[in-house]
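Below: the structure, in structure tokens.
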Amino acid sequence: MSSGFAGFSDAELTAIALSLKVAAAATACSLPFGVAVGWLLARKRFPGKLLVDTLMYLPLVLPPVVTGYALLLGFGTQGPIGRFLSEHFGIVFAFRWTGAALASAIMGFPLMARAIRLSIEAVDPRLEQAASTLGANPWRVFFGVTLPLAWPGLLAGAVLCFAKALGEFGATITFVSNIAGETQTLSSAIWGLMQTPGAESGVLRLALVAVALSFAAVFASEWLVQRQRAGTQR
Amino acid sequence: MNANAADADARGFDIDIELRRGSFRRAFAIRSQARVIAVVGDSGAGKTSLLHAIAGLLRPTRGRIVVAGETLFDRERRIDLPAHRRRIGYVFQDARLFPHLDVRANLLYGLRGAAARERRFEPADIVELLGVGHLLARGTAGLSGGEMQRVALGRALLSQPRILLLDEPLSMLDMNRRDELLPYLQRVREESGLPMIYVSHYPEEVRRIAEDVHRVGGSEE
């Protein structure tokens, strides 16, 4: 190991930093959608609700390689959405870290939306009724009552999404490949090292990093959920 | 229509609705020129559902709701004001204070939405009227039942309502607390000058508050 920090090589540190960046972007960008979908599923009855519910959970059970392939078809340079976005907004996903973030966001979304839905369901709708009789329009009810009471669960959902995004592998490598410094996340780096003879120690180091990050994220998420439960029980 | 008729219309209640929810089905017809009316009836008669319909929290399957000259709901004319635009002060049976806000923020919650010209009740006056000044900085968790109801009452008044709905505000309280809260209710009744619908199943409480008593549910006693 020439340079680096705390026994990690530069390439390993790059992969860890990239993973954190990808997961943070994935979480931040999917949070508004997660809140919207979680609220819809928790509070509204509408035609096609079962379909929305099913579509939302699909990435959880679909082989990740299929999700990655679907992203390639839709968001690749030749895909209809990918071409539209790159022509009109200059946003490119294919073989970029943004593509890794998109793939991770989609894989993490079910976990996030589910946690947010549960936390909104735990908010007493009678308090929302009270707010509306006090003249609060639906937006003010949501931002003034629902959201402040549901926020620990919301945060828990975000943390779960972050953790899932951090470890995402199948969809990401299918969609954006494994390019060092651009799309080589922690998981792809581990997989790459496993293909390299004599790199066992690197595999172990990065695997331990993955375990530590995942443990911390799930722990934080559970802690937040318990906090909300204690809060709503008063 | 002459001025007197308009004045007469601006007062009183004209409610004729049917509510349905699953197997629950009730019809209500209340016409009164009184300012403060009581609605009594056994539990399960649908008293709370009636208040929910007036507040816009439950949509009747037919009929109309006219309160103090304002049509809040009319199925035939396709009028159905959303709850937040009805300007109804609703004091719930279980108070429903916001647990994430302190007493002061609870009291002021509805004030923000009210237009300045509609302002009849000022925070300082309401705090004094209900004797909640010493509670302002506290959270809602440690309040007694009577204190909660007084804060809920103040919160409803400060949303500058046109009418006050009270759903058994004493039912969660023990006997002593009831005697403590009742004078406050009477003061609100006198000093607010608002039309009120008071739901209860205690005849004695009703006699001290309302001018006109309506029985719902149709069960004979």
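Identifiers for the structure tokens are assigned positionally: chains receive A, B, ... in sequence, residues are indexed from 1 per chain, and ligands are indexed from 1 in the order shown.
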
Practice task
Could you please select, counting only C-alpha atoms, the residues of chain B within 12 Å of chain A and state them as a ChimeraX atom specification?
Solution key: /B:51-58,81-101,105-115,139-142,152-165

Using only C-alpha atoms, which residues of region 108-185 of chain A come within 12 Å of region 10-21 of chain A, and what is the closest atom pair for each, with the distance in Å to one decimal? Give it as a Markdown table, sorted by chain and residue number.
```
| residue | atom | partner | partner_atom | distance |
| --- | --- | --- | --- | --- |
| A:Phe162 | CA | A:Leu20 | CA | 8.6 |
| A:Ala163 | CA | A:Leu20 | CA | 9.6 |
| A:Lys164 | CA | A:Ser19 | CA | 11.0 |
| A:Ala165 | CA | A:Ser19 | CA | 8.2 |
| A:Leu166 | CA | A:Ser19 | CA | 5.8 |
| A:Gly167 | CA | A:Ser19 | CA | 8.2 |
| A:Glu168 | CA | A:Ser19 | CA | 9.3 |
| A:Phe169 | CA | A:Ser19 | CA | 10.8 |
| A:Thr172 | CA | A:Ser19 | CA | 11.2 |
| A:Asn178 | CA | A:Ala15 | CA | 10.5 |
| A:Ile179 | CA | A:Ala15 | CA | 10.1 |
| A:Ala180 | CA | A:Ala15 | CA | 7.5 |
| A:Gly181 | CA | A:Thr14 | CA | 6.3 |
| A:Glu182 | CA | A:Leu18 | CA | 7.6 |
| A:Thr183 | CA | A:Leu18 | CA | 7.7 |
| A:Gln184 | CA | A:Ala15 | CA | 5.9 |
| A:Thr185 | CA | A:Ser19 | CA | 4.8 |
```

Practice task
Could you please write out, as a VMD selection string, every residue of region 103-209 of chain B that DSSP assigns to alpha helix (DSSP H)?
Solution key: chain B and resid 103 to 108 123 to 130 145 to 158 175 to 192 203 to 209

Atoms to include: C-alpha atoms. Write the selected residues as a PDB file, in the first residue's frame.
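result07.pdb, freshly written:
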```pdb
ATOM      1  CA  VAL B 103     -49.816  25.562  24.798  1.00  0.00           C
ATOM      2  CA  ARG B 104     -49.062  28.965  23.304  1.00  0.00           C
ATOM      3  CA  ALA B 105     -48.487  27.552  19.803  1.00  0.00           C
ATOM      4  CA  ASN B 106     -51.632  25.442  20.126  1.00  0.00           C
ATOM      5  CA  LEU B 107     -53.667  28.526  20.998  1.00  0.00           C
ATOM      6  CA  LEU B 108     -52.241  30.509  18.107  1.00  0.00           C
ATOM      7  CA  PRO B 123     -55.055  36.200  22.295  1.00  0.00           C
ATOM      8  CA  ALA B 124     -54.648  38.282  25.459  1.00  0.00           C
ATOM      9  CA  ASP B 125     -58.402  38.397  26.041  1.00  0.00           C
ATOM     10  CA  ILE B 126     -58.901  34.703  25.419  1.00  0.00           C
ATOM     11  CA  VAL B 127     -56.001  33.747  27.667  1.00  0.00           C
ATOM     12  CA  GLU B 128     -57.584  35.799  30.438  1.00  0.00           C
ATOM     13  CA  LEU B 129     -61.114  34.581  29.775  1.00  0.00           C
ATOM     14  CA  LEU B 130     -60.037  30.961  30.069  1.00  0.00           C
ATOM     15  CA  GLY B 145     -58.278  17.218  31.418  1.00  0.00           C
ATOM     16  CA  GLY B 146     -59.896  20.511  32.307  1.00  0.00           C
ATOM     17  CA  GLU B 147     -56.845  22.494  31.272  1.00  0.00           C
ATOM     18  CA  MET B 148     -56.717  20.640  27.961  1.00  0.00           C
ATOM     19  CA  GLN B 149     -60.323  21.496  27.223  1.00  0.00           C
ATOM     20  CA  ARG B 150     -59.760  25.140  28.109  1.00  0.00           C
ATOM     21  CA  VAL B 151     -56.783  25.317  25.743  1.00  0.00           C
ATOM     22  CA  ALA B 152     -58.843  23.562  23.048  1.00  0.00           C
ATOM     23  CA  LEU B 153     -61.634  26.085  23.608  1.00  0.00           C
ATOM     24  CA  GLY B 154     -59.198  28.988  23.354  1.00  0.00           C
ATOM     25  CA  ARG B 155     -57.600  27.527  20.252  1.00  0.00           C
ATOM     26  CA  ALA B 156     -61.028  27.219  18.607  1.00  0.00           C
ATOM     27  CA  LEU B 157     -62.012  30.802  19.535  1.00  0.00           C
ATOM     28  CA  LEU B 158     -58.732  32.259  18.268  1.00  0.00           C
ATOM     29  CA  MET B 175     -67.179  15.455  38.708  1.00  0.00           C
ATOM     30  CA  ASN B 176     -64.983  18.128  40.332  1.00  0.00           C
ATOM     31  CA  ARG B 177     -63.295  19.043  37.082  1.00  0.00           C
ATOM     32  CA  ARG B 178     -66.687  19.371  35.449  1.00  0.00           C
ATOM     33  CA  ASP B 179     -67.794  21.953  37.967  1.00  0.00           C
ATOM     34  CA  GLU B 180     -64.507  23.724  37.327  1.00  0.00           C
ATOM     35  CA  LEU B 181     -64.913  23.881  33.543  1.00  0.00           C
ATOM     36  CA  LEU B 182     -68.629  24.672  33.348  1.00  0.00           C
ATOM     37  CA  PRO B 183     -68.266  28.334  34.451  1.00  0.00           C
ATOM     38  CA  TYR B 184     -65.693  28.834  31.686  1.00  0.00           C
ATOM     39  CA  LEU B 185     -68.126  27.441  29.136  1.00  0.00           C
ATOM     40  CA  GLN B 186     -70.810  29.793  30.414  1.00  0.00           C
ATOM     41  CA  ARG B 187     -68.418  32.742  30.150  1.00  0.00           C
ATOM     42  CA  VAL B 188     -67.548  31.796  26.568  1.00  0.00           C
ATOM     43  CA  ARG B 189     -71.237  31.502  25.820  1.00  0.00           C
ATOM     44  CA  GLU B 190     -71.923  34.993  27.198  1.00  0.00           C
ATOM     45  CA  GLU B 191     -68.845  36.889  26.076  1.00  0.00           C
ATOM     46  CA  SER B 192     -68.231  35.412  22.648  1.00  0.00           C
ATOM     47  CA  PRO B 203     -79.450  17.035  30.918  1.00  0.00           C
ATOM     48  CA  GLU B 204     -78.217  19.127  33.837  1.00  0.00           C
ATOM     49  CA  GLU B 205     -75.202  20.417  31.881  1.00  0.00           C
ATOM     50  CA  VAL B 206     -77.420  21.156  28.888  1.00  0.00           C
ATOM     51  CA  ARG B 207     -79.902  23.181  30.934  1.00  0.00           C
ATOM     52  CA  ARG B 208     -77.145  25.494  32.108  1.00  0.00           C
ATOM     53  CA  ILE B 209     -75.825  26.166  28.604  1.00  0.00           C
TER      54      ILE B 209
END
```

Handout entry: Nearest to Ala103 (chain A), chosen from A:Leu50, A:Val22, A:Val211, A:Val225, with only C-alpha atoms counted in the distances
Key = A:Val22

Please report, as a tab-separated table, each residue of region 33-90 of chain A lying at most 7 Å from region 107-110 of chain A, together with the nearest pair of atoms and the separation in Å rounded to one decimal; use only C-alpha atoms, and order rows by chain and ascending residue number.
```
residue	atom	partner	partner_atom	distance
A:Gly34	CA	A:Phe109	CA	6.8
A:Met56	CA	A:Pro110	CA	5.6
A:Tyr57	CA	A:Pro110	CA	5.3
A:Pro59	CA	A:Met107	CA	5.6
A:Leu60	CA	A:Pro110	CA	6.6
```

Residue selection dump (N, CA and C atoms) as a short mmCIF file (atom, residue, chain, number, x, y, z; two decimals), in the first residue's frame:
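The result, stored in again-v3.cif:
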```cif
data_model
loop_
_atom_site.label_atom_id
_atom_site.label_comp_id
_atom_site.auth_asym_id
_atom_site.auth_seq_id
_atom_site.Cartn_x
_atom_site.Cartn_y
_atom_site.Cartn_z
N GLY A 34 -40.57 9.91 -2.11
CA GLY A 34 -40.91 8.97 -1.04
C GLY A 34 -41.98 9.53 -0.12
N MET A 56 -44.28 -0.01 -6.64
CA MET A 56 -43.30 0.53 -5.70
C MET A 56 -42.42 -0.58 -5.11
N TYR A 57 -43.07 -1.74 -4.85
CA TYR A 57 -42.31 -2.84 -4.23
C TYR A 57 -41.54 -3.68 -5.23
N PRO A 59 -39.01 -3.23 -7.34
CA PRO A 59 -37.54 -3.31 -7.32
C PRO A 59 -37.00 -4.16 -6.18
N LEU A 60 -37.83 -4.37 -5.14
CA LEU A 60 -37.39 -5.16 -3.99
C LEU A 60 -37.28 -6.64 -4.34
#
```

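Closest approach to Ala113 (chain A) among A:Ile81, A:Val66, A:Ala25, A:Ala36: A:Ala36, based on only C-alpha atoms.
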
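Relative to CA of Asp80 (chain B), CA of Ile37 (chain B) is found at 23.2 Å.
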
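You can rank A:Ala28, A:Leu147, A:Leu102, A:Leu85 by their closest distance to Val176 (chain A) using only C-alpha atoms, and at the top of that list sits A:Leu102.
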